[in-house]
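Peer 1: Sharing structure_21.tsv (TSV, C-alpha atoms and all ligand atoms) below.
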```
chain	number	residue	atom	x	y	z
R	1	MET	CA	-4.84	49.52	169.53
R	2	ARG	CA	-2.90	50.25	172.67
R	3	LEU	CA	-3.66	53.51	174.46
R	4	ALA	CA	-1.58	54.99	177.29
R	5	VAL	CA	-3.28	57.52	179.53
R	6	LEU	CA	-1.23	60.03	181.53
R	7	SER	CA	-2.35	62.83	183.79
R	8	GLY	CA	-0.93	65.84	185.57
R	9	SER	CA	-3.06	67.49	188.19
R	10	VAL	CA	-2.86	69.83	191.18
R	11	TYR	CA	-6.24	69.28	192.80
R	12	GLY	CA	-7.21	65.95	191.24
R	13	THR	CA	-9.60	67.04	188.48
R	14	ALA	CA	-7.34	66.06	185.59
R	15	ASP	CA	-6.67	62.71	187.29
R	16	LEU	CA	-10.41	62.15	187.56
R	17	VAL	CA	-10.95	63.03	183.89
R	18	ALA	CA	-8.14	60.62	182.98
R	19	ASP	CA	-9.60	57.82	185.12
R	20	GLU	CA	-13.01	58.25	183.49
R	21	ALA	CA	-11.39	58.28	180.05
R	22	VAL	CA	-9.70	54.96	180.87
R	23	LEU	CA	-13.07	53.37	181.73
R	24	ARG	CA	-14.75	54.73	178.60
R	25	CYS	CA	-11.93	53.63	176.31
R	26	ARG	CA	-11.81	50.15	177.88
R	27	ASP	CA	-15.58	49.84	177.45
R	28	ALA	CA	-15.02	50.63	173.77
R	29	GLY	CA	-12.61	47.70	173.51
R	30	LEU	CA	-9.29	49.54	173.56
R	31	ASP	CA	-6.28	48.10	175.36
R	32	VAL	CA	-5.58	50.85	177.90
R	33	SER	CA	-2.61	51.38	180.23
R	34	ARG	CA	-3.10	53.98	182.96
R	35	ILE	CA	0.33	55.44	183.59
R	36	GLN	CA	0.46	57.04	187.00
R	37	PRO	CA	2.72	58.54	188.11
R	38	ALA	CA	3.92	59.49	184.66
R	39	THR	CA	7.46	58.39	183.88
R	40	VAL	CA	9.14	58.11	180.52
R	41	ASP	CA	10.13	54.49	181.15
R	42	ALA	CA	6.56	53.52	182.03
R	43	LEU	CA	5.32	55.26	178.90
R	44	LEU	CA	7.86	53.59	176.63
R	45	ASP	CA	7.32	50.18	178.29
R	46	ALA	CA	3.60	50.45	177.57
R	47	ALA	CA	4.50	50.76	173.86
R	48	PRO	CA	1.27	52.59	173.06
R	49	ASP	CA	-0.05	53.32	169.59
R	50	ILE	CA	-1.78	56.36	171.06
R	51	ILE	CA	-1.02	58.61	174.02
R	52	LEU	CA	-3.76	60.51	175.82
R	53	GLY	CA	-2.57	63.24	178.17
R	54	CYS	CA	-4.91	64.99	180.62
R	55	VAL	CA	-3.21	67.98	182.22
R	56	SER	CA	-4.33	71.01	184.12
R	57	THR	CA	-2.65	74.41	184.30
R	58	THR	CA	-1.36	76.17	187.36
R	59	GLY	CA	0.59	79.32	188.24
R	60	MET	CA	0.58	81.50	185.14
R	61	GLY	CA	0.28	78.88	182.44
R	62	GLU	CA	2.48	76.26	184.08
R	63	LEU	CA	2.26	72.49	184.29
R	64	PRO	CA	1.33	70.90	187.62
R	65	ASP	CA	4.43	70.36	189.79
R	66	SER	CA	3.82	66.61	189.91
R	67	PHE	CA	3.97	66.43	186.09
R	68	VAL	CA	7.08	68.57	185.61
R	69	PRO	CA	9.68	65.79	186.25
R	70	PHE	CA	8.06	63.66	183.52
R	71	PHE	CA	7.92	66.59	181.13
R	72	ILE	CA	11.57	67.53	181.69
R	73	GLU	CA	12.67	63.91	181.34
R	74	LEU	CA	10.75	63.65	178.07
R	75	GLN	CA	12.44	66.84	176.81
R	76	ASP	CA	15.89	65.63	177.90
R	77	ARG	CA	15.68	62.07	176.61
R	78	PHE	CA	13.70	63.11	173.54
R	79	PRO	CA	12.48	59.63	172.51
R	80	LEU	CA	11.07	60.05	169.03
R	81	LEU	CA	7.43	58.99	168.90
R	82	THR	CA	7.29	58.70	165.14
R	83	GLY	CA	4.27	56.70	164.02
R	84	LYS	CA	2.41	57.23	167.27
R	85	ARG	CA	-0.64	59.38	167.70
R	86	PHE	CA	-1.67	61.49	170.64
R	87	ALA	CA	-4.48	63.60	172.03
R	88	VAL	CA	-4.55	66.07	174.90
R	89	ILE	CA	-7.27	67.16	177.28
R	90	GLY	CA	-6.28	70.49	178.78
R	91	LEU	CA	-7.97	71.66	181.96
R	92	GLY	CA	-7.91	75.30	182.82
R	93	ASP	CA	-9.94	78.37	183.55
R	94	SER	CA	-10.65	80.99	180.90
R	95	ALA	CA	-10.54	83.63	183.65
R	96	TYR	CA	-6.75	83.31	183.36
R	97	GLY	CA	-6.92	84.82	179.87
R	98	ASP	CA	-3.84	84.23	177.73
R	99	THR	CA	-2.62	81.32	179.83
R	100	PHE	CA	-5.88	79.38	179.40
R	101	CYS	CA	-4.98	75.67	179.18
R	102	GLN	CA	-1.29	76.43	178.60
R	103	GLY	CA	-0.30	73.28	180.52
R	104	GLY	CA	-2.09	71.15	177.94
R	105	GLU	CA	-0.64	73.29	175.17
R	106	GLN	CA	2.91	72.69	176.45
R	107	LEU	CA	2.36	68.92	176.38
R	108	ARG	CA	0.86	69.16	172.89
R	109	GLU	CA	3.83	71.08	171.56
R	110	LEU	CA	6.35	68.65	173.03
R	111	LEU	CA	4.57	65.61	171.59
R	112	VAL	CA	4.53	67.29	168.17
R	113	GLU	CA	8.29	67.96	168.49
R	114	LEU	CA	8.70	64.24	169.23
R	115	GLN	CA	6.97	63.58	165.90
R	116	ALA	CA	3.76	62.12	167.26
R	117	VAL	CA	0.67	63.08	165.25
R	118	GLU	CA	-2.32	64.72	166.90
R	119	ALA	CA	-5.37	62.48	166.47
R	120	LEU	CA	-7.92	65.14	167.49
R	121	PRO	CA	-7.60	68.85	168.32
R	122	MET	CA	-7.02	69.45	172.04
R	123	LEU	CA	-10.11	69.52	174.24
R	124	ARG	CA	-10.08	72.54	176.55
R	125	LEU	CA	-12.16	72.08	179.68
R	126	ASP	CA	-12.97	75.42	181.27
R	127	ALA	CA	-13.49	75.48	185.06
R	128	SER	CA	-15.48	78.72	184.61
R	129	GLU	CA	-17.99	76.87	182.43
R	130	THR	CA	-18.38	73.43	183.99
R	131	VAL	CA	-18.52	71.60	187.27
R	132	SER	CA	-18.42	68.16	185.66
R	133	PRO	CA	-15.44	68.10	183.29
R	134	GLU	CA	-15.40	64.29	183.21
R	135	LEU	CA	-18.91	64.32	181.70
R	136	ASP	CA	-18.10	67.16	179.33
R	137	ALA	CA	-15.18	65.14	177.98
R	138	GLU	CA	-17.41	62.25	176.90
R	139	PRO	CA	-18.41	63.42	173.37
R	140	TRP	CA	-14.78	64.31	172.59
R	141	LEU	CA	-13.63	60.93	173.90
R	142	ASP	CA	-16.20	59.19	171.72
R	143	GLN	CA	-14.80	61.07	168.72
R	144	LEU	CA	-11.29	60.04	169.72
R	145	ILE	CA	-12.32	56.40	170.10
R	146	GLU	CA	-14.01	56.51	166.70
R	147	SER	CA	-10.91	57.97	165.07
R	148	ILE	CA	-8.51	55.42	166.53
R	149	LYS	CA	-10.50	52.19	166.46
R	150	PRO	CA	-9.33	49.91	163.68
R	151	ARG	CA	-11.79	49.82	160.83
R	152	ALA	CA	-13.65	46.52	160.48
W	1	LIG	C1	-3.28	78.92	191.63
W	1	LIG	C2	-4.00	78.54	190.35
W	1	LIG	C3	-3.46	78.96	189.14
W	1	LIG	C4	-4.10	78.62	187.94
W	1	LIG	N1	-3.57	79.07	186.76
W	1	LIG	C5	-4.22	78.79	185.60
W	1	LIG	C6	-3.71	79.27	184.35
W	1	LIG	O1	-2.68	79.95	184.26
W	1	LIG	N2	-4.40	78.95	183.22
W	1	LIG	C7	-5.54	78.20	183.25
W	1	LIG	O2	-6.12	77.95	182.19
W	1	LIG	N3	-6.05	77.74	184.42
W	1	LIG	C8	-5.42	78.00	185.59
W	1	LIG	N4	-5.94	77.55	186.77
W	1	LIG	C9	-7.21	76.79	186.75
W	1	LIG	C10	-6.99	75.25	186.85
W	1	LIG	O3	-6.18	74.77	185.80
W	1	LIG	C11	-8.37	74.58	186.77
W	1	LIG	O4	-9.12	74.92	187.91
W	1	LIG	C12	-8.28	73.07	186.63
W	1	LIG	O5	-9.57	72.53	186.45
W	1	LIG	C13	-7.62	72.43	187.84
W	1	LIG	O6	-7.43	71.06	187.57
W	1	LIG	P1	-6.69	70.08	188.61
W	1	LIG	O7	-7.65	69.84	189.73
W	1	LIG	O8	-6.44	68.84	187.83
W	1	LIG	O9	-5.43	70.74	189.01
W	1	LIG	C14	-5.31	77.87	187.96
W	1	LIG	C15	-5.83	77.46	189.21
W	1	LIG	C16	-5.21	77.80	190.39
W	1	LIG	C17	-5.83	77.38	191.70
```
Now that the file is in, can you turn its structure into structure tokens?
Peer 2:
Amino acid sequence: MRLAVLSGSVYGTADLVADEAVLRCRDAGLDVSRIQPATVDALLDAAPDIILGCVSTTGMGELPDSFVPFFIELQDRFPLLTGKRFAVIGLGDSAYGDTFCQGGEQLRELLVELQAVEALPMLRLDASETVSPELDAEPWLDQLIESIKPRA
């Protein structure tokens, strides 16, 4: 099982969560490509079975600036991801109300439009609730690993 891990971050937290996810997934025996910076070519070249996106939210529900070129390129080129699975970790702050984790939600919706199938409901990491999002992601990552590892 090949996993590609992407991240979009303003202050580095989503990158950190992604880096920790890479280590955990490699420890579990998955073949992991860390794609950074995110580009559509790098993603397609990695030919992943599963895509994990870790993205924070900025502005009023927007994607981090550094992630926007990738997102727009993905929308424009629209490479169908039929047969691939994906999962998203959204980082945000519930104090922002309706726009909580909207960056992650935008990525989720685009991957669904590209016909990828969500392997696990999006994990929402709330900066109002935690100071260690990379640790909080561990149980969800273990569930993801369990759901994607080939059965013996
Ligand atoms: C200027 C600014 C705007 C933000 N806007 C939102 C928002 O609209 N929705 C949300 O859920 N979180 C919002 N956040 C919270 C961040 O997404 C959250 O702190 C996240 O953990 C940052 O991750 P990063 O370090 O990867 O950028 C905002 C934070 C800042 C500083």
Peer 1: If the limit is 9 Å from any atom of ligand LIG 1 (chain W), counting all atoms listed in the file, which residues qualify? Return them as a VMD selection string.
Peer 2: chain R and resid 7 to 17 54 to 64 90 to 104 124 to 128 133
Peer 1: Dump C-alpha atoms for the selected residues as a PDB file, in the coordinates of the input?
Peer 2:
```pdb
ATOM      1  CA  SER R   7      -2.350  62.830 183.790  1.00  0.00           C
ATOM      2  CA  GLY R   8      -0.930  65.840 185.570  1.00  0.00           C
ATOM      3  CA  SER R   9      -3.060  67.490 188.190  1.00  0.00           C
ATOM      4  CA  VAL R  10      -2.860  69.830 191.180  1.00  0.00           C
ATOM      5  CA  TYR R  11      -6.240  69.280 192.800  1.00  0.00           C
ATOM      6  CA  GLY R  12      -7.210  65.950 191.240  1.00  0.00           C
ATOM      7  CA  THR R  13      -9.600  67.040 188.480  1.00  0.00           C
ATOM      8  CA  ALA R  14      -7.340  66.060 185.590  1.00  0.00           C
ATOM      9  CA  ASP R  15      -6.670  62.710 187.290  1.00  0.00           C
ATOM     10  CA  LEU R  16     -10.410  62.150 187.560  1.00  0.00           C
ATOM     11  CA  VAL R  17     -10.950  63.030 183.890  1.00  0.00           C
ATOM     12  CA  CYS R  54      -4.910  64.990 180.620  1.00  0.00           C
ATOM     13  CA  VAL R  55      -3.210  67.980 182.220  1.00  0.00           C
ATOM     14  CA  SER R  56      -4.330  71.010 184.120  1.00  0.00           C
ATOM     15  CA  THR R  57      -2.650  74.410 184.300  1.00  0.00           C
ATOM     16  CA  THR R  58      -1.360  76.170 187.360  1.00  0.00           C
ATOM     17  CA  GLY R  59       0.590  79.320 188.240  1.00  0.00           C
ATOM     18  CA  MET R  60       0.580  81.500 185.140  1.00  0.00           C
ATOM     19  CA  GLY R  61       0.280  78.880 182.440  1.00  0.00           C
ATOM     20  CA  GLU R  62       2.480  76.260 184.080  1.00  0.00           C
ATOM     21  CA  LEU R  63       2.260  72.490 184.290  1.00  0.00           C
ATOM     22  CA  PRO R  64       1.330  70.900 187.620  1.00  0.00           C
ATOM     23  CA  GLY R  90      -6.280  70.490 178.780  1.00  0.00           C
ATOM     24  CA  LEU R  91      -7.970  71.660 181.960  1.00  0.00           C
ATOM     25  CA  GLY R  92      -7.910  75.300 182.820  1.00  0.00           C
ATOM     26  CA  ASP R  93      -9.940  78.370 183.550  1.00  0.00           C
ATOM     27  CA  SER R  94     -10.650  80.990 180.900  1.00  0.00           C
ATOM     28  CA  ALA R  95     -10.540  83.630 183.650  1.00  0.00           C
ATOM     29  CA  TYR R  96      -6.750  83.310 183.360  1.00  0.00           C
ATOM     30  CA  GLY R  97      -6.920  84.820 179.870  1.00  0.00           C
ATOM     31  CA  ASP R  98      -3.840  84.230 177.730  1.00  0.00           C
ATOM     32  CA  THR R  99      -2.620  81.320 179.830  1.00  0.00           C
ATOM     33  CA  PHE R 100      -5.880  79.380 179.400  1.00  0.00           C
ATOM     34  CA  CYS R 101      -4.980  75.670 179.180  1.00  0.00           C
ATOM     35  CA  GLN R 102      -1.290  76.430 178.600  1.00  0.00           C
ATOM     36  CA  GLY R 103      -0.300  73.280 180.520  1.00  0.00           C
ATOM     37  CA  GLY R 104      -2.090  71.150 177.940  1.00  0.00           C
ATOM     38  CA  ARG R 124     -10.080  72.540 176.550  1.00  0.00           C
ATOM     39  CA  LEU R 125     -12.160  72.080 179.680  1.00  0.00           C
ATOM     40  CA  ASP R 126     -12.970  75.420 181.270  1.00  0.00           C
ATOM     41  CA  ALA R 127     -13.490  75.480 185.060  1.00  0.00           C
ATOM     42  CA  SER R 128     -15.480  78.720 184.610  1.00  0.00           C
ATOM     43  CA  PRO R 133     -15.440  68.100 183.290  1.00  0.00           C
TER      44      PRO R 133
END
```
Peer 1: Within 10 Å of (-11.9, 46.7, 170.5) in the file's own coordinates, which protein, DNA or RNA residues have an atom, counting only C-alpha atoms? List them as a list in words.
Peer 2: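 Checked against the point, the hits come out as Met1, Arg2, Cys25, Arg26, Asp27, Ala28, Gly29, Leu30, Asp31, Ile145, Lys149 and Pro150 of chain R.
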Peer 1: I'd like the contact shell of stretch 38-46 of chain R - 7 Å cut-off, only C-alpha atoms, skipping same-chain residues fewer than 4 positions apart - returned as a ChimeraX atom specification.
Peer 2: /R:4,6,33,70,73-74
Peer 1: If we count only C-alpha atoms, what is near R:Ala119 at a cut-off of 6 Å, once residues fewer than 2 positions away on the same chain are taken out, given as an mmCIF file with C-alpha atoms, in the coordinates of the input?
Peer 2:
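Resulting contents of part.cif:
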```cif
data_model
loop_
_atom_site.group_PDB
_atom_site.id
_atom_site.type_symbol
_atom_site.label_atom_id
_atom_site.label_comp_id
_atom_site.auth_asym_id
_atom_site.auth_seq_id
_atom_site.Cartn_x
_atom_site.Cartn_y
_atom_site.Cartn_z
ATOM 1 C CA ARG R 85 -0.640 59.380 167.700
ATOM 2 C CA PHE R 86 -1.670 61.490 170.640
ATOM 3 C CA ALA R 87 -4.480 63.600 172.030
#
```
Peer 1: Distance atom CA of R:Glu134-atom CA of R:Ala18, one decimal place?
Peer 2: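 Result for atom CA of R:Glu134 versus atom CA of R:Ala18: 8.1 Å, one decimal.
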